[in-house]
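Shown next: final-v2.txt, given as compact mmCIF, C-alpha atoms.
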```txt
# COMPACT_ATOMS: atom_id res chain seq x y z
CA MET A 1 0.00 0.00 0.00
CA ASP A 2 2.85 2.41 0.83
CA GLY A 3 4.30 1.77 -2.62
CA ILE A 4 1.01 2.81 -4.25
CA PHE A 5 0.96 6.09 -2.34
CA LEU A 6 4.60 6.75 -3.27
CA LEU A 7 3.88 6.03 -6.93
CA ARG A 8 0.84 8.29 -6.82
CA GLY A 9 3.00 11.06 -5.37
CA ILE A 10 5.48 10.69 -8.22
CA HIS A 11 2.62 10.81 -10.72
CA GLY A 12 1.32 14.00 -9.10
CA ALA A 13 4.72 15.70 -9.18
CA ALA A 14 5.24 14.79 -12.84
CA PHE A 15 1.75 15.94 -13.77
CA ALA A 16 2.25 19.27 -11.98
CA LEU A 17 5.56 19.79 -13.78
CA VAL A 18 4.13 19.10 -17.23
CA THR A 19 0.94 21.14 -16.76
CA THR A 20 3.08 24.11 -15.70
CA ILE A 21 5.69 23.90 -18.46
CA LEU A 22 3.40 23.30 -21.44
CA PRO A 23 1.02 26.28 -20.96
CA THR A 24 4.05 28.49 -20.25
CA LEU A 25 5.68 27.47 -23.54
CA ILE A 26 2.41 28.21 -25.31
CA VAL A 27 2.47 31.78 -23.97
CA LEU A 28 6.10 32.29 -25.01
CA VAL A 29 5.82 30.74 -28.49
CA LEU A 30 2.59 32.43 -29.62
CA PRO A 31 2.74 35.81 -31.39
CA LYS A 32 1.76 38.76 -29.25
CA GLY A 33 -1.54 39.45 -30.99
CA ARG A 34 -2.83 35.86 -30.78
CA LYS A 35 -1.95 34.76 -27.27
CA GLY A 36 -5.56 34.68 -26.05
CA GLU A 37 -6.72 32.69 -29.07
CA GLY A 38 -3.76 30.33 -28.81
CA ILE A 39 -4.30 29.67 -25.11
CA ASN A 40 -7.95 28.90 -25.80
CA MET A 41 -7.06 26.54 -28.63
CA PHE A 42 -4.53 24.80 -26.39
CA ALA A 43 -7.31 24.46 -23.83
CA ILE A 44 -9.41 22.53 -26.35
CA PHE A 45 -7.01 19.64 -26.31
CA SER A 46 -6.46 19.84 -22.55
CA ASN A 47 -10.19 19.75 -21.86
CA VAL A 48 -10.86 17.02 -24.40
CA ALA A 49 -8.11 14.92 -22.83
CA MET A 50 -9.60 15.40 -19.36
CA VAL A 51 -12.99 14.32 -20.66
CA LEU A 52 -12.11 11.54 -23.08
CA GLY A 53 -9.57 10.11 -20.64
CA PRO A 54 -12.20 8.94 -18.13
CA ALA A 55 -14.48 7.74 -20.94
CA LEU A 56 -11.76 5.70 -22.64
CA GLY A 57 -10.40 4.51 -19.31
CA LEU A 58 -13.80 3.28 -18.17
CA PHE A 59 -14.31 1.44 -21.45
CA ILE A 60 -10.94 -0.32 -21.32
CA LEU A 61 -11.34 -1.10 -17.62
CA GLN A 62 -14.74 -2.71 -18.20
CA GLU A 63 -13.79 -4.57 -21.37
CA PHE A 64 -10.15 -5.52 -20.85
CA GLY A 65 -9.34 -5.11 -17.15
CA SER A 66 -7.03 -2.89 -15.11
CA HIS A 67 -3.80 -4.56 -16.30
CA ASN A 68 -4.42 -3.62 -19.92
CA LEU A 69 -5.53 -0.16 -18.86
CA TYR A 70 -2.15 0.52 -17.26
CA ILE A 71 -0.35 -0.86 -20.32
CA MET A 72 -2.31 1.57 -22.52
CA LEU A 73 -1.49 4.50 -20.23
CA THR A 74 2.19 3.61 -20.31
CA VAL A 75 2.19 3.47 -24.11
CA ILE A 76 0.41 6.84 -24.36
CA THR A 77 2.93 8.40 -21.97
CA LEU A 78 5.86 7.08 -24.04
CA LEU A 79 4.28 8.42 -27.23
CA ALA A 80 3.90 11.82 -25.57
CA LEU A 81 7.56 11.75 -24.58
CA VAL A 82 8.61 10.98 -28.16
CA GLN A 83 6.30 13.65 -29.59
CA ALA A 84 7.67 16.27 -27.19
CA ASN A 85 11.18 15.76 -28.59
CA LEU A 86 10.35 15.69 -32.30
CA LYS A 87 10.33 19.49 -32.71
CA LEU A 88 12.82 21.85 -31.17
CA LEU A 89 11.80 25.19 -29.77
CA PRO A 90 12.62 28.17 -32.02
CA ALA A 91 15.97 29.82 -31.39
CA GLU A 92 14.32 33.25 -31.19
CA LEU A 93 12.07 32.16 -28.34
CA PRO A 94 11.94 35.07 -25.88
CA LYS A 95 13.74 34.29 -22.66
CA PRO A 96 12.19 35.65 -19.48
CA HIS A 97 14.40 38.11 -17.59
CA VAL A 98 14.16 36.98 -14.01
CA LYS A 99 15.63 39.14 -11.27
CA MET A 100 17.60 37.11 -8.80
CA LYS A 101 16.52 37.67 -5.22
CA LYS A 102 18.03 36.45 -2.03
CA GLY A 103 15.94 34.29 0.26
CA TRP A 104 12.42 33.09 -0.25
CA GLY A 105 9.21 35.07 -0.48
CA ILE A 106 5.63 34.45 -1.43
CA ASN A 107 6.27 35.99 -4.87
CA GLN A 108 8.69 33.18 -5.62
CA LEU A 109 5.94 30.62 -5.06
CA ILE A 110 2.89 32.30 -6.61
CA GLU A 111 2.04 35.20 -8.90
CA PRO A 112 -0.10 37.67 -6.89
CA ARG A 113 -1.54 39.33 -10.00
CA SER A 114 -3.00 35.99 -11.07
CA LEU A 115 -4.62 35.19 -7.73
CA PRO A 116 -8.13 36.51 -8.59
CA TRP A 117 -8.33 34.15 -11.54
CA ALA A 118 -6.83 31.34 -9.47
CA VAL A 119 -9.71 31.85 -7.02
CA MET A 120 -12.14 31.40 -9.92
CA ALA A 121 -10.23 28.22 -10.81
CA LEU A 122 -10.97 26.97 -7.28
CA PHE A 123 -14.69 27.26 -7.96
CA MET A 124 -14.49 25.60 -11.39
CA GLY A 125 -12.26 22.72 -10.31
CA PHE A 126 -14.31 22.05 -7.18
CA THR A 127 -17.58 21.76 -9.09
CA TYR A 128 -16.10 19.89 -12.05
CA SER A 129 -14.61 17.26 -9.74
CA SER A 130 -18.10 16.16 -8.72
CA VAL A 131 -19.06 15.54 -12.35
CA LEU A 132 -15.82 13.73 -13.03
CA VAL A 133 -16.16 11.42 -10.03
CA PHE A 134 -19.89 10.93 -9.53
CA ILE A 135 -21.27 10.47 -13.05
CA PRO A 136 -19.79 6.96 -13.51
CA ILE A 137 -20.82 5.94 -9.98
CA GLU A 138 -24.33 7.34 -10.32
CA LEU A 139 -24.94 5.72 -13.71
CA ASN A 140 -23.60 2.43 -12.40
CA SER A 141 -26.06 2.61 -9.49
CA LEU A 142 -28.84 3.17 -12.03
CA GLY A 143 -27.82 0.08 -13.99
CA ALA A 144 -26.54 2.21 -16.89
CA SER A 145 -22.77 2.04 -16.39
CA SER A 146 -22.11 1.90 -20.13
CA TRP A 147 -23.67 5.36 -20.49
CA ALA A 148 -20.81 7.00 -18.59
CA SER A 149 -18.57 6.87 -21.66
CA LEU A 150 -21.35 8.48 -23.71
CA PHE A 151 -21.70 11.27 -21.15
CA PHE A 152 -18.03 12.18 -21.34
CA ALA A 153 -18.05 11.81 -25.13
CA LEU A 154 -20.94 14.31 -25.40
CA PHE A 155 -19.08 16.56 -22.98
CA ALA A 156 -15.98 16.46 -25.19
CA VAL A 157 -17.85 16.91 -28.47
CA MET A 158 -19.49 20.07 -27.16
CA ILE A 159 -16.09 21.47 -26.15
CA ILE A 160 -14.64 20.69 -29.60
CA ILE A 161 -17.59 22.24 -31.43
CA SER A 162 -17.83 25.38 -29.30
CA ARG A 163 -14.18 26.16 -28.62
CA PRO A 164 -13.25 27.81 -31.97
CA ILE A 165 -16.36 30.02 -31.72
CA VAL A 166 -15.70 30.83 -28.07
CA SER A 167 -12.08 31.67 -28.90
CA LYS A 168 -13.09 34.19 -31.56
CA LEU A 169 -15.70 35.75 -29.27
CA TYR A 170 -13.10 36.03 -26.52
CA GLU A 171 -10.85 38.02 -28.83
CA SER A 172 -13.57 40.22 -30.35
CA LYS A 173 -15.99 40.75 -27.45
CA GLY A 174 -13.82 40.30 -24.38
CA PRO A 175 -13.77 37.71 -21.57
CA ALA A 176 -16.95 38.92 -19.84
CA PHE A 177 -18.92 38.05 -22.99
CA ILE A 178 -17.82 34.42 -22.47
CA ILE A 179 -17.76 34.16 -18.69
CA TYR A 180 -21.32 35.30 -17.92
CA PRO A 181 -23.14 32.87 -20.24
CA GLY A 182 -20.57 30.16 -19.57
CA LEU A 183 -21.17 30.18 -15.82
CA THR A 184 -24.92 30.33 -16.39
CA ILE A 185 -24.95 27.32 -18.74
CA PHE A 186 -22.63 25.37 -16.44
CA CYS A 187 -24.99 26.07 -13.54
CA LEU A 188 -28.02 24.96 -15.57
CA GLY A 189 -26.28 21.69 -16.41
CA LEU A 190 -25.58 21.03 -12.73
CA VAL A 191 -29.19 21.87 -11.83
CA LEU A 192 -30.42 19.36 -14.40
CA LEU A 193 -28.12 16.71 -12.94
CA GLY A 194 -29.53 17.60 -9.53
CA VAL A 195 -33.17 17.00 -10.41
CA THR A 196 -33.13 13.75 -12.37
CA ASN A 197 -32.14 10.11 -12.06
CA ASN A 198 -33.09 9.44 -15.68
CA PRO A 199 -30.03 8.38 -17.73
CA ILE A 200 -31.42 10.09 -20.83
CA LEU A 201 -31.79 13.42 -19.05
CA ILE A 202 -28.32 12.99 -17.59
CA MET A 203 -27.08 12.72 -21.18
CA VAL A 204 -28.95 15.95 -21.97
CA ALA A 205 -27.02 17.66 -19.17
CA ALA A 206 -23.66 16.54 -20.61
CA PRO A 207 -23.43 19.14 -23.44
CA LEU A 208 -24.63 21.89 -21.09
CA VAL A 209 -21.94 21.10 -18.55
CA GLY A 210 -19.38 20.71 -21.35
CA LEU A 211 -20.25 24.02 -22.99
CA GLY A 212 -20.27 25.95 -19.73
CA TYR A 213 -17.11 24.45 -18.26
CA GLY A 214 -15.28 24.36 -21.59
CA SER A 215 -15.94 28.07 -22.15
CA VAL A 216 -15.15 29.46 -18.73
CA GLN A 217 -12.14 27.47 -17.55
CA PRO A 218 -9.83 28.47 -20.46
CA ALA A 219 -11.00 32.09 -20.16
CA PHE A 220 -9.90 32.24 -16.53
CA GLN A 221 -6.61 30.56 -17.46
CA ALA A 222 -5.94 33.11 -20.20
CA LEU A 223 -6.76 36.00 -17.85
CA ALA A 224 -4.43 34.59 -15.19
CA VAL A 225 -1.55 34.57 -17.67
CA GLN A 226 -2.42 37.96 -19.15
CA ALA A 227 -2.40 39.54 -15.70
CA ALA A 228 1.31 38.86 -15.28
CA PRO A 229 4.32 40.18 -17.25
CA ILE A 230 5.96 37.81 -19.72
CA GLU A 231 8.83 36.97 -17.37
CA ARG A 232 6.27 35.70 -14.83
CA ALA A 233 4.23 33.64 -17.31
CA GLY A 234 5.39 30.38 -15.81
CA MET A 235 4.61 31.51 -12.27
CA ALA A 236 1.18 32.75 -13.37
CA THR A 237 0.43 29.40 -14.97
CA ALA A 238 1.65 27.55 -11.90
CA THR A 239 -0.50 29.74 -9.64
CA TYR A 240 -3.61 29.06 -11.69
CA PHE A 241 -3.11 25.30 -11.92
CA LEU A 242 -2.08 25.05 -8.26
CA ALA A 243 -5.52 26.36 -7.35
CA PHE A 244 -7.23 24.23 -9.97
CA ASP A 245 -5.49 21.00 -8.96
CA ILE A 246 -6.11 21.62 -5.26
CA SER A 247 -9.79 22.21 -5.94
CA ILE A 248 -10.09 19.04 -8.02
CA GLY A 249 -8.60 16.93 -5.24
CA LEU A 250 -10.37 18.73 -2.41
CA GLY A 251 -13.69 18.72 -4.25
CA SER A 252 -13.49 14.99 -4.91
CA VAL A 253 -12.94 14.27 -1.22
CA LEU A 254 -15.43 16.72 0.29
CA MET A 255 -18.16 16.06 -2.25
CA SER A 256 -17.74 12.31 -1.70
CA TYR A 257 -18.63 12.83 1.96
CA ALA A 258 -21.52 15.04 0.90
CA ALA A 259 -22.80 12.43 -1.57
CA ASN A 260 -22.70 9.75 1.11
CA SER A 261 -24.85 11.85 3.43
CA MET A 262 -27.23 13.62 1.04
CA GLY A 263 -27.09 11.65 -2.21
CA PHE A 264 -25.99 12.53 -5.72
CA LEU A 265 -28.88 14.83 -6.59
CA ASP A 266 -28.46 17.20 -3.64
CA THR A 267 -24.69 17.20 -4.17
CA TYR A 268 -25.14 18.51 -7.70
CA LYS A 269 -27.52 21.17 -6.36
CA VAL A 270 -24.85 22.26 -3.87
CA ASN A 271 -22.38 22.54 -6.73
CA ALA A 272 -24.86 24.63 -8.70
CA LEU A 273 -25.02 27.03 -5.74
CA ILE A 274 -21.22 27.15 -5.69
CA VAL A 275 -21.27 28.22 -9.36
CA VAL A 276 -23.80 30.93 -8.46
CA GLY A 277 -21.32 32.09 -5.82
CA ALA A 278 -18.58 32.17 -8.47
CA PHE A 279 -20.85 34.21 -10.74
CA LEU A 280 -21.50 36.79 -8.02
CA LEU A 281 -17.83 36.97 -6.99
CA TYR A 282 -16.78 37.60 -10.59
CA HIS A 283 -19.51 40.19 -11.19
CA LEU A 284 -19.27 42.11 -7.91
CA VAL A 285 -15.55 41.96 -7.17
CA ILE A 286 -13.16 40.48 -9.70
CA LYS A 287 -14.43 41.83 -13.04
CA ASP A 288 -14.21 45.54 -12.20
CA THR A 289 -11.41 45.44 -9.64
CA TYR A 290 -8.94 43.67 -11.89
CA ARG A 291 -10.17 44.72 -15.35
CA GLN A 292 -7.69 47.55 -15.85
CA GLU A 293 -4.75 45.45 -14.73
CA VAL A 294 -5.53 42.80 -17.33
CA GLU A 295 -6.33 45.22 -20.14
CA GLU A 296 -2.97 46.93 -19.78
CA ILE A 297 -1.31 43.71 -20.96
CA PRO A 298 -2.32 43.06 -24.61
CA LEU A 299 -3.21 39.66 -25.93
```
Taking this structure as input, can you express it in the form of structure tokens?
Amino acid sequence: MDGIFLLRGIHGAAFALVTTILPTLIVLVLPKGRKGEGINMFAIFSNVAMVLGPALGLFILQEFGSHNLYIMLTVITLLALVQANLKLLPAELPKPHVKMKKGWGINQLIEPRSLPWAVMALFMGFTYSSVLVFIPIELNSLGASSWASLFFALFAVMIIISRPIVSKLYESKGPAFIIYPGLTIFCLGLVLLGVTNNPILIMVAAPLVGLGYGSVQPAFQALAVQAAPIERAGMATATYFLAFDISIGLGSVLMSYAANSMGFLDTYKVNALIVVGAFLLYHLVIKDTYRQEVEEIPL
């Protein structure tokens, strides 16, 4: 058992390293006028992977067993390693100018200018974790375990379809034009999950949750990076994903206790209320307080 926990810790450290480096490289490689669009496009593949991963994993686990699942994951990881080394970074890649400071301070661990958007990531990760964890369990309890893969597939398809449109709207209309409807649609999807045990209606909720989450999460990520100067892009990315990863893990644990005591339906309703709280926090505090700071740094 100790070996499993150690291995899981290594997995977590490697995942944190990769999810910090890749978005940072995206920010540095993209041309100045297309950073927002590029970050959003990068988010398509990240979100699709997070959605299709559970769907594909559930299918392989049910059809071929856990041993073959781990073999597949190992092969995919090796392919990713090969792909990452096929193309070298451009020689003209801008190098961040980091001022060396003695000692340790909070600014060396997080990017303060990205904290408002990291707080929004806490809300999104916390609520998304319930969908990620409970949908397969709930459908299995309803005797419809095979529908879980369909749910995540519909979730992913909606992200793929909407993301190019959302990306263009982000650039032309601004982030608020995406965030307000995105949070609203995400909340509606959670409400629908909270009022039905019908597998068909649960499938109807999948594209709503996918559209809402897939629109808002990349917008907050882009804003977190935009809020910091280029030499702090890596720290801004790390700050955002630190909050997001903590909320995913914490949400999975806390909402599991909630589901055991109140059931799946009421748990989704609680998450819908959390999204309402995120909506109000963004509207009343974050949007106006931090708008000028973000707008001073062009996409």
I want to know what sits within 12 Å of A:Leu17, based on only C-alpha atoms, with residues of the same chain fewer than 6 positions away left out; could you give that as a PyMOL selection string? chain A and resi 10-11+23-24+234-235+237-238+241-242
State, in Å with one decimal place, the distance from atom CA of A:Ala206 to atom CA of A:Val157.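 Distance between the two atoms: 9.8 Å.
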From A:Lys168, A:Phe123, A:Asn197, A:Leu115, residue lying nearest A:Asn140 [all atoms listed in the file]: A:Asn197
For the atom pair atom CA of A:Val166 and atom CA of A:Pro181, what is the interatomic distance in Å to one decimal place? 11.0 Å
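Relative to atom CA of A:His67, atom CA of A:Leu132 is found at 22.1 Å.
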At a cut-off of 9 Å, using only C-alpha atoms, what residues contact stretch 253-266 of chain A? Leave out same-chain residues fewer than 2 positions from it and give the result as an NGL selection string. :A and (126-127 or 129-130 or 133-135 or 138 or 191 or 193-197 or 248-251 or 268-271)
